[in-house]
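Chemist: Could you have a look at this structure, given as structure tokens, before my questions?
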4 protein chains.
Amino acid sequence: MKEKNPTTNQKTFRLDGIYPPLPTPFDEKGQAALEALKSNLAFLNRFDLRGFIVLGTNGEYVMLSEKEKLLVLETARAAIPADKLMIAGTGCQSTAGTIDLTQKAAEIGADAALIITPSYYRSQMTPATLIHHYRAVADNSPIPILVYNMPASTNVDLEAEPIVTLARHPNIMGVKDSSGNVVKIGDIYRQVQKEGLDFQILAGSAGFLLPALSVGAVGGVLALANIAPAQCIAIHRFFLEGKLQEARDLQTRMIPVNAAVTARWSVPGLKAAMDFLGMYGGPVRQPLLPIPDETRKLLETILLEGGIKK
Amino acid sequence: MKEKNPTTNQKTFRLDGIYPPLPTPFDEKGQAALEALKSNLAFLNRFDLRGFIVLGTNGEYVMLSEKEKLLVLETARAAIPADKLMIAGTGCQSTAGTIDLTQKAAEIGADAALIITPSYYRSQMTPATLIHHYRAVADNSPIPILVYNMPASTNVDLEAEPIVTLARHPNIMGVKDSSGNVVKIGDIYRQVQKEGLDFQILAGSAGFLLPALSVGAVGGVLALANIAPAQCIAIHRFFLEGKLQEARDLQTRMIPVNAAVTARWSVPGLKAAMDFLGMYGGPVRQPLLPIPDETRKLLETILLEGGIKK
Amino acid sequence: MKEKNPTTNQKTFRLDGIYPPLPTPFDEKGQAALEALKSNLAFLNRFDLRGFIVLGTNGEYVMLSEKEKLLVLETARAAIPADKLMIAGTGCQSTAGTIDLTQKAAEIGADAALIITPSYYRSQMTPATLIHHYRAVADNSPIPILVYNMPASTNVDLEAEPIVTLARHPNIMGVKDSSGNVVKIGDIYRQVQKEGLDFQILAGSAGFLLPALSVGAVGGVLALANIAPAQCIAIHRFFLEGKLQEARDLQTRMIPVNAAVTARWSVPGLKAAMDFLGMYGGPVRQPLLPIPDETRKLLETILLEGGIKK
Amino acid sequence: MKEKNPTTNQKTFRLDGIYPPLPTPFDEKGQAALEALKSNLAFLNRFDLRGFIVLGTNGEYVMLSEKEKLLVLETARAAIPADKLMIAGTGCQSTAGTIDLTQKAAEIGADAALIITPSYYRSQMTPATLIHHYRAVADNSPIPILVYNMPASTNVDLEAEPIVTLARHPNIMGVKDSSGNVVKIGDIYRQVQKEGLDFQILAGSAGFLLPALSVGAVGGVLALANIAPAQCIAIHRFFLEGKLQEARDLQTRMIPVNAAVTARWSVPGLKAAMDFLGMYGGPVRQPLLPIPDETRKLLETILLEGGIKK
């Protein structure tokens with residue numbers, strides 16, 4: 001088992017690869033459906049994924065109670081093989097709450113924690129304040145942490161400079177950036193290379209996986225990987241093998257499919273796609289609403305045209 | 001006591017007036033300082049305020065556990081006279097969580113609930129989805145609700161049209177709008193007047209109180225009212241008495257003071273101002289940081305120049 | 001005639017009142033229809049307007065050649081009575097071009113020039129750069145200038161601070177602010193009052209005329225004043241007379257009408273409304289397109305409901 | 001010479017490669033310095049560039065009179081070898097003005113025209129309106145046109161869908177996209193490939209050249225190519241040769257250099273860099289201001305660290 005001592009450099013493992021951010025399944029009464037989570041993981045474990053995000057945006061984590069969060073983490077950990085990483089989304093609006101949940105996730109066996117930028121007091125979330133927050137969490141976390149930049153949800157967009165500052169912390173191992181700003185990704189890569197820092201960048205959405213890899217990302221946390229794990233893995237592999245035309249063709253083919261389960265229809269689209277593909281998608285929690293029938297048909301056409309289902 | 005039956009029209013009381021959104025005091029260990037909350041209320045009760053918001057943005061509600069929230073509500077209710085309204089901030093990211101907390105607040109004696117727009121899944125927070133959310137909450141709330149539009153924190157900005165749609169619900173009594181868009185306020189006023197709806201508009205920040213009153217708002221939820229209750233009340237009264245020059249002079253004089261405790265330095269600025277004025281401000285919760293000494297001096301100058309302290 | 005000497009303080013006249021920003025009429029071949037401009041002015045001259053903006057946003061100035069601009073200014077000046085102000089829109093992307101056109105407008109008899117913020121190199125349009133630009137123009141203008149802040153078109157939003165700095169210049173007499181930010185208007189008013197500066201604020205859209213007046217504006221440049229001059233003047237007069245309920249009712253009634261000829265359908269909406277009301281609206285220049293028939297019917301309904309036409 | 005007949009498909013040449021958007025040199029009096037333009041071109045002609053953009057954003061085209069524009073085009077055409085493309089920036093706010101200038105540029109010998117989105121009446125610049133505009137220009141242009149999407153200046157961001165619609169026009173040959181949105185680039189590539197359209201995509205800034213190439217762009221219009229032509233060409237060549245590590249290292253190394261001459265210090269930064277490197281940069285036109293001495297030193301450090309100058 002990995003050493004987990006925050007006082008020494010923890011950045012001892014590689015993140016390279018593809019990670020689905022797991023949706024949290026609910027039953028018809030709206031309760032967490034843990035058996036469905038297991039069956040989804042059983043399906044995904046057949047693919048060469050590097051690991052899983054539990055309690056991310058696609059996990060509807062903002063709608064779960066703490067008790068539910070811990071239950072989901074425990075269930076997932078039991079169903080994720082030891083050689084695959086479990087990264088837990090443990091960010092809260094308060095620093096203390098984030099530390100507390102991160103410690104609990106570590107106890108459950110999370111390998112790392114993905115910490116979203118606090119955002120409610122946005123005008124005060126300066127780079128300096130966010131650096132202070134992340135350092136406090138990293139200092140008190142038994143497991144290494146990843147910065148999670150998700151401006152579409154938070155309206156906070158952490159730039160390259162503060163991220164590189166954070167990269168110097170021994171317990172901050174990487175960043176998941178969902179902004180789609182590949183210039184920033186390239187700039188972070190350049191600076192951490194120059195300083196010889198062990199810091200790894202994950203693309204936050206499949207729409208720009210290949211472009212992100214081209215400038216230094218080592219993988220991606222991809223909603224799409226829940227429904228198209230083979231394709232996401234193949235884009236990465238084609239890139240590593242220098243098969244650029246194949247990578248480009250698959251990458252661009254995935255764009256409308258990815259949009260359907262992210263920006264366009266979000267978690268309701270993703271869960272509907274999972275249902276269509278024989279996984280357990282199930283209901284979303286309100287205020288999210290299930291996609292209407294007409295949208296569902298359009299989604300199915302997109303999945304068929306994208307070659308996700310034959 | 002008020003009838004609290006969601007199946008009949010609950011809009012039986014007037015909101016006209018000024019409401020401070022109470023900060024939640026913390027002690028040096030970071031715990032909720034309930035005695036300080038009482039002493040602040042004892043001070044504010046000397047003014048002709050219409051009531052108080054508990055657990056709003058200034059109450060750092062996103063950083064409180066549910067247990068803390070209920071404790072703060074109970075303490076506040078006991079310290080707020082029966083003839084003054086207690087409006088509880090009970091919005092959560094999920095509809096079910098919002099309903100649950102609203103019901104608990106009602107049991108504690110809140111007169112109404114202030115429900116912020118859910119925002120995490122922003123791309124999905126269409127007017128239709130938000131209308132669905134608010135109706136579900138209103139249908140299940142024993143007390144009337146107010147819509148809380150706060151784009152600076154949520155990046156969701158509810159327009160006039162969906163707000164007017166919600167105004168037709170028997171248990172949705174008003175809106176607190178912090179966007180500063182007075183055209184929207186005027187447009188809501190026009191439409192609810194035209195339809196004869198009982199729906200009341202509160203300005204969400206003291207910077208535009210007078211302009212909002214001029215187009216139909218009936219009062220305001222004003223961070224500034226924590227430190228300048230007399231001035232806020234006077235702007236309202238001058239307006240009602242047609243003393244426009246006096247209203248304008250006081251309104252514009254308050255602009256830099258208000259900015260200091262809202263957009264510019266937020267809750268850290270407000271709590272520092274309270275400390276300076278002899279109330280209990282105390283520490284903020286991280287990631288918020290106390291304002292630095294230099295800023296504190298600037299803030300004090302602003303308070304003195306604004307006539308808040310002599 | 002007014003003294004026009006840039007070396008002395010030119011701020012010798014009052015701007016108080018309502019100004020329509022005149023559309024530039026085109027004939028069916030797309031040429032400037034100067035007779036139509038005269039007939040529109042003949043109609044508007046029957047109202048107690050303070051003056052006119054020529055070559056503003058509604059004048060489609062960005063689509064006119066310099067030759068056309070001068071022709072329109074000359075025609076308008078001849079048709080505007082000497083006791084009414086002609087304010088010319090002479091802003092260009094370059095400082096030199098702005099100075100040149102301002103001088104030509106002054107020769108033609110413009111009383112003041114309305115100078116929009118340059119915006120193409122937006123990332124460089126810092127407050128300092130814009131202050132430099134406006135000072136250069138003011139130093140070289142024979143007539144006083146007004147700053148024109150129009151973020152909906154320019155995506156540049158000049159804040160209170162640089163505007164107050166500019167207010168100290170002897171040849172910068174005021175600002176037309178179309179941002180709708182009434183806190184900013186109040187803040188400018190406060191500071192120029194405090195410093196005893198002769199600086200006048202005009203609201204840039206009828207949607208927030210009354211709120212702007214309540215915090216210190218002295219009038220407005222209002223697209224709506226082209227089709228509802230009596231109503232715009234009445235809002236102003238009601239305000240000055242302290243008839244707040246009448247002011248509010250008329251102000252809020254005008255909101256949908258104003259939106260139809262500004263943000264919603266812009267110049268195409270305004271010109272269609274003028275046609276409907278018996279003035280000369282006529283075609284717009286491409287890329288603007290005439291509003292479709294369906295929209296035209298909706299527009300007419302809005303005009304009828306707003307009481308603009310009986 | 002190329003056939004230039006708008007009624008037949010003109011898309012007969014390839015755009016693949018790198019294009020510097022030429023700055024327009026001014027002398028100390030602010031007049032166009034045509035000899036300097038020639039000497040800059042003489043320097044750049046030594047590199048394997050595919051062609052040049054004349055009158056683009058870096059050419060300060062919004063600050064040039066029409067007479068100056070034609071003079072600059074004529075001078076550039078005479079100094080650009082026949083086997084290199086001259087693409088003229090001929091977009092104006094009006095459709096008619098754009099057509100007129102495009103026709104004049106064609107007469108002077110431009111191979112294609114780069115047409116920026118009109119933007120002043122932003123609320124009206126819907127996809128449908130912009131499609132109408134571009135079709136009108138393409139129908140009336142003797143040379144093929146490229147769509148120029150530059151939201152940093154225009155605040156208009158044309159999405160993939162309308163661009164693909166335009167790609168079906170026989171006289172619209174490509175797009176220069178400066179938004180940095182590589183998902184959009186990939187999506188356009190996918191759709192034009194699927195439909196078998198001859199439509200070519202150029203990256204609009206060197207910061208994301210490699211990521212754009214990875215998803216289907218064929219080259220770039222790069223301010224950076226004025227001062228680092230060899231490096232820009234090398235990134236492209238490394239990519240074509242499958243040398244991904246070399247491409248990545250050079251691409252990321254160029255990021256701070258590119259930022260210095262684009263988003264950060266814009267044309268003033270570019271011209272200062274050219275001066276430093278022995279080309280003719282010279283003054284900018286106001287409201288742009290020369291970069292201050294302190295910035296100049298920082299810029300020089302960035303150029304040295306980036307390996308642009310030894």
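Naming scheme: A, B, ... for chains in displayed order of the structure tokens; residues 1 onward per chain; ligands 1 onward as shown.
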Would you return as a count of residues only the members of region 162-275 of chain B that DSSP assigns to helix (DSSP H, G or I) on this structure's backbone?
Modeler: 73
Chemist: Contacts of region 251-267 of chain C at 6 Å or less, counting only C-alpha atoms, minus same-chain residues fewer than 3 places along, as a PDB file with all heavy atoms, in the first residue's frame?
Modeler:
```pdb
ATOM      1  N   GLY B 186     -38.364  47.236 -12.232  1.00  0.00           N
ATOM      2  CA  GLY B 186     -39.503  47.989 -12.756  1.00  0.00           C
ATOM      3  C   GLY B 186     -40.416  47.117 -13.594  1.00  0.00           C
ATOM      4  O   GLY B 186     -41.650  47.278 -13.554  1.00  0.00           O
ATOM      5  N   ARG B 190     -44.327  46.336 -12.837  1.00  0.00           N
ATOM      6  CA  ARG B 190     -45.358  46.610 -13.841  1.00  0.00           C
ATOM      7  C   ARG B 190     -46.259  45.397 -14.037  1.00  0.00           C
ATOM      8  O   ARG B 190     -47.497  45.519 -14.033  1.00  0.00           O
ATOM      9  CB  ARG B 190     -44.682  46.956 -15.167  1.00  0.00           C
ATOM     10  CG  ARG B 190     -45.633  47.181 -16.329  1.00  0.00           C
ATOM     11  CD  ARG B 190     -44.871  47.432 -17.632  1.00  0.00           C
ATOM     12  NE  ARG B 190     -44.136  46.271 -18.083  1.00  0.00           N
ATOM     13  CZ  ARG B 190     -44.645  45.250 -18.769  1.00  0.00           C
ATOM     14  NH1 ARG B 190     -45.940  45.254 -19.104  1.00  0.00           N
ATOM     15  NH2 ARG B 190     -43.903  44.227 -19.130  1.00  0.00           N
TER      16      ARG B 190
ATOM     17  N   ASN C  58     -28.044  54.824 -32.629  1.00  0.00           N
ATOM     18  CA  ASN C  58     -29.262  54.737 -33.426  1.00  0.00           C
ATOM     19  C   ASN C  58     -29.137  55.419 -34.778  1.00  0.00           C
ATOM     20  O   ASN C  58     -29.971  55.223 -35.647  1.00  0.00           O
ATOM     21  CB  ASN C  58     -30.436  55.332 -32.638  1.00  0.00           C
ATOM     22  CG  ASN C  58     -30.830  54.415 -31.507  1.00  0.00           C
ATOM     23  OD1 ASN C  58     -31.417  53.374 -31.736  1.00  0.00           O
ATOM     24  ND2 ASN C  58     -30.452  54.774 -30.287  1.00  0.00           N
ATOM     25  N   GLY C 207     -35.092  52.755 -20.143  1.00  0.00           N
ATOM     26  CA  GLY C 207     -35.476  51.715 -19.190  1.00  0.00           C
ATOM     27  C   GLY C 207     -35.163  52.069 -17.761  1.00  0.00           C
ATOM     28  O   GLY C 207     -35.827  51.615 -16.825  1.00  0.00           O
ATOM     29  N   LEU C 224     -36.058  55.764 -27.133  1.00  0.00           N
ATOM     30  CA  LEU C 224     -37.511  55.844 -26.982  1.00  0.00           C
ATOM     31  C   LEU C 224     -38.060  57.239 -27.273  1.00  0.00           C
ATOM     32  O   LEU C 224     -39.210  57.384 -27.709  1.00  0.00           O
ATOM     33  CB  LEU C 224     -37.897  55.433 -25.546  1.00  0.00           C
ATOM     34  CG  LEU C 224     -39.382  55.384 -25.220  1.00  0.00           C
ATOM     35  CD1 LEU C 224     -40.062  54.255 -25.995  1.00  0.00           C
ATOM     36  CD2 LEU C 224     -39.619  55.197 -23.724  1.00  0.00           C
ATOM     37  N   ALA C 247     -44.703  59.211 -11.925  1.00  0.00           N
ATOM     38  CA  ALA C 247     -43.426  58.922 -12.587  1.00  0.00           C
ATOM     39  C   ALA C 247     -43.208  57.417 -12.681  1.00  0.00           C
ATOM     40  O   ALA C 247     -42.833  56.886 -13.721  1.00  0.00           O
ATOM     41  CB  ALA C 247     -42.277  59.576 -11.814  1.00  0.00           C
ATOM     42  N   ARG C 248     -43.469  56.726 -11.567  1.00  0.00           N
ATOM     43  CA  ARG C 248     -43.249  55.281 -11.557  1.00  0.00           C
ATOM     44  C   ARG C 248     -44.160  54.569 -12.548  1.00  0.00           C
ATOM     45  O   ARG C 248     -43.717  53.677 -13.267  1.00  0.00           O
ATOM     46  CB  ARG C 248     -43.494  54.729 -10.157  1.00  0.00           C
ATOM     47  CG  ARG C 248     -43.469  53.208 -10.124  1.00  0.00           C
ATOM     48  CD  ARG C 248     -43.263  52.673  -8.733  1.00  0.00           C
ATOM     49  NE  ARG C 248     -44.238  53.204  -7.809  1.00  0.00           N
ATOM     50  CZ  ARG C 248     -43.975  53.714  -6.618  1.00  0.00           C
ATOM     51  NH1 ARG C 248     -42.739  53.782  -6.181  1.00  0.00           N
ATOM     52  NH2 ARG C 248     -44.938  54.156  -5.846  1.00  0.00           N
ATOM     53  N   LEU C 270     -36.620  50.153 -33.895  1.00  0.00           N
ATOM     54  CA  LEU C 270     -36.921  51.579 -33.798  1.00  0.00           C
ATOM     55  C   LEU C 270     -37.455  52.114 -35.128  1.00  0.00           C
ATOM     56  O   LEU C 270     -38.465  52.829 -35.159  1.00  0.00           O
ATOM     57  CB  LEU C 270     -35.657  52.352 -33.385  1.00  0.00           C
ATOM     58  CG  LEU C 270     -35.800  53.872 -33.324  1.00  0.00           C
ATOM     59  CD1 LEU C 270     -36.894  54.307 -32.363  1.00  0.00           C
ATOM     60  CD2 LEU C 270     -34.462  54.516 -32.929  1.00  0.00           C
ATOM     61  N   LYS C 271     -36.803  51.747 -36.208  1.00  0.00           N
ATOM     62  CA  LYS C 271     -37.249  52.254 -37.507  1.00  0.00           C
ATOM     63  C   LYS C 271     -38.631  51.697 -37.874  1.00  0.00           C
ATOM     64  O   LYS C 271     -39.473  52.419 -38.434  1.00  0.00           O
ATOM     65  CB  LYS C 271     -36.208  51.934 -38.583  1.00  0.00           C
ATOM     66  CG  LYS C 271     -34.958  52.833 -38.470  1.00  0.00           C
ATOM     67  CD  LYS C 271     -34.045  52.734 -39.683  1.00  0.00           C
ATOM     68  CE  LYS C 271     -33.056  53.912 -39.714  1.00  0.00           C
ATOM     69  NZ  LYS C 271     -32.097  53.802 -40.850  1.00  0.00           N
TER      70      LYS C 271
END
```
Chemist: Excluding Met173 (chain C) and any residue of its chain fewer than 4 positions from it, enumerate the residues within 7 Å of it, using only C-alpha atoms, and give them as number ranges by chain.
Modeler: C: 11, 144-146, 167, 198-200
Chemist: Save out the residues we just selected, C-alpha atoms, as a PDB file, in the first residue's frame.
Modeler:
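Produced file out20.pdb, reproduced below:
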```
ATOM      1  CA  LYS C  11     -19.094  74.091 -19.343  1.00  0.00           C
ATOM      2  CA  PRO C 144     -17.227  70.487 -24.923  1.00  0.00           C
ATOM      3  CA  ILE C 145     -17.365  66.737 -24.999  1.00  0.00           C
ATOM      4  CA  LEU C 146     -19.397  64.056 -23.305  1.00  0.00           C
ATOM      5  CA  ALA C 167     -14.897  65.367 -15.018  1.00  0.00           C
ATOM      6  CA  ASP C 198     -19.648  71.084 -13.279  1.00  0.00           C
ATOM      7  CA  PHE C 199     -20.348  67.669 -14.729  1.00  0.00           C
ATOM      8  CA  GLN C 200     -23.673  66.358 -15.924  1.00  0.00           C
TER       9      GLN C 200
END
```
Chemist: Taking into account only C-alpha atoms, which residue in the set C:Gly89, C:Pro290, C:Pro21, C:Gly306 is nearest to chain B?
Modeler: C:Gly306
Chemist: Apply DSSP to the structure's backbone, then extract all residues of region 79-304 of chain D labelled strand (DSSP E or B) and return them as a PyMOL selection string.
Modeler: chain D and resi 85-89+112-116+145-149+172-177+200-203+219-221
Chemist: Have a look at CA of Ile80 (chain D) and CA of Ala112 (chain D) and let me know their distance in Å, one decimal.
Modeler: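 The value is 14.0 Å.
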Chemist: Please report as a PyMOL selection string which residues of chain A come no farther than 12 Å from chain D, using only C-alpha atoms.
Modeler: chain A and resi 160-161+179-194+205-217+235+238-259+263+305-306
Chemist: Near region 118-125 of chain D, counting only C-alpha atoms, which residues have an atom at most 9 Å away, once you skip same-chain residues fewer than 2 positions from it, shown as a ChimeraX atom specification?
Modeler: /C:57,62,152-154,263-267,287-289 /D:91-95,115-116,127-130,133,153-156
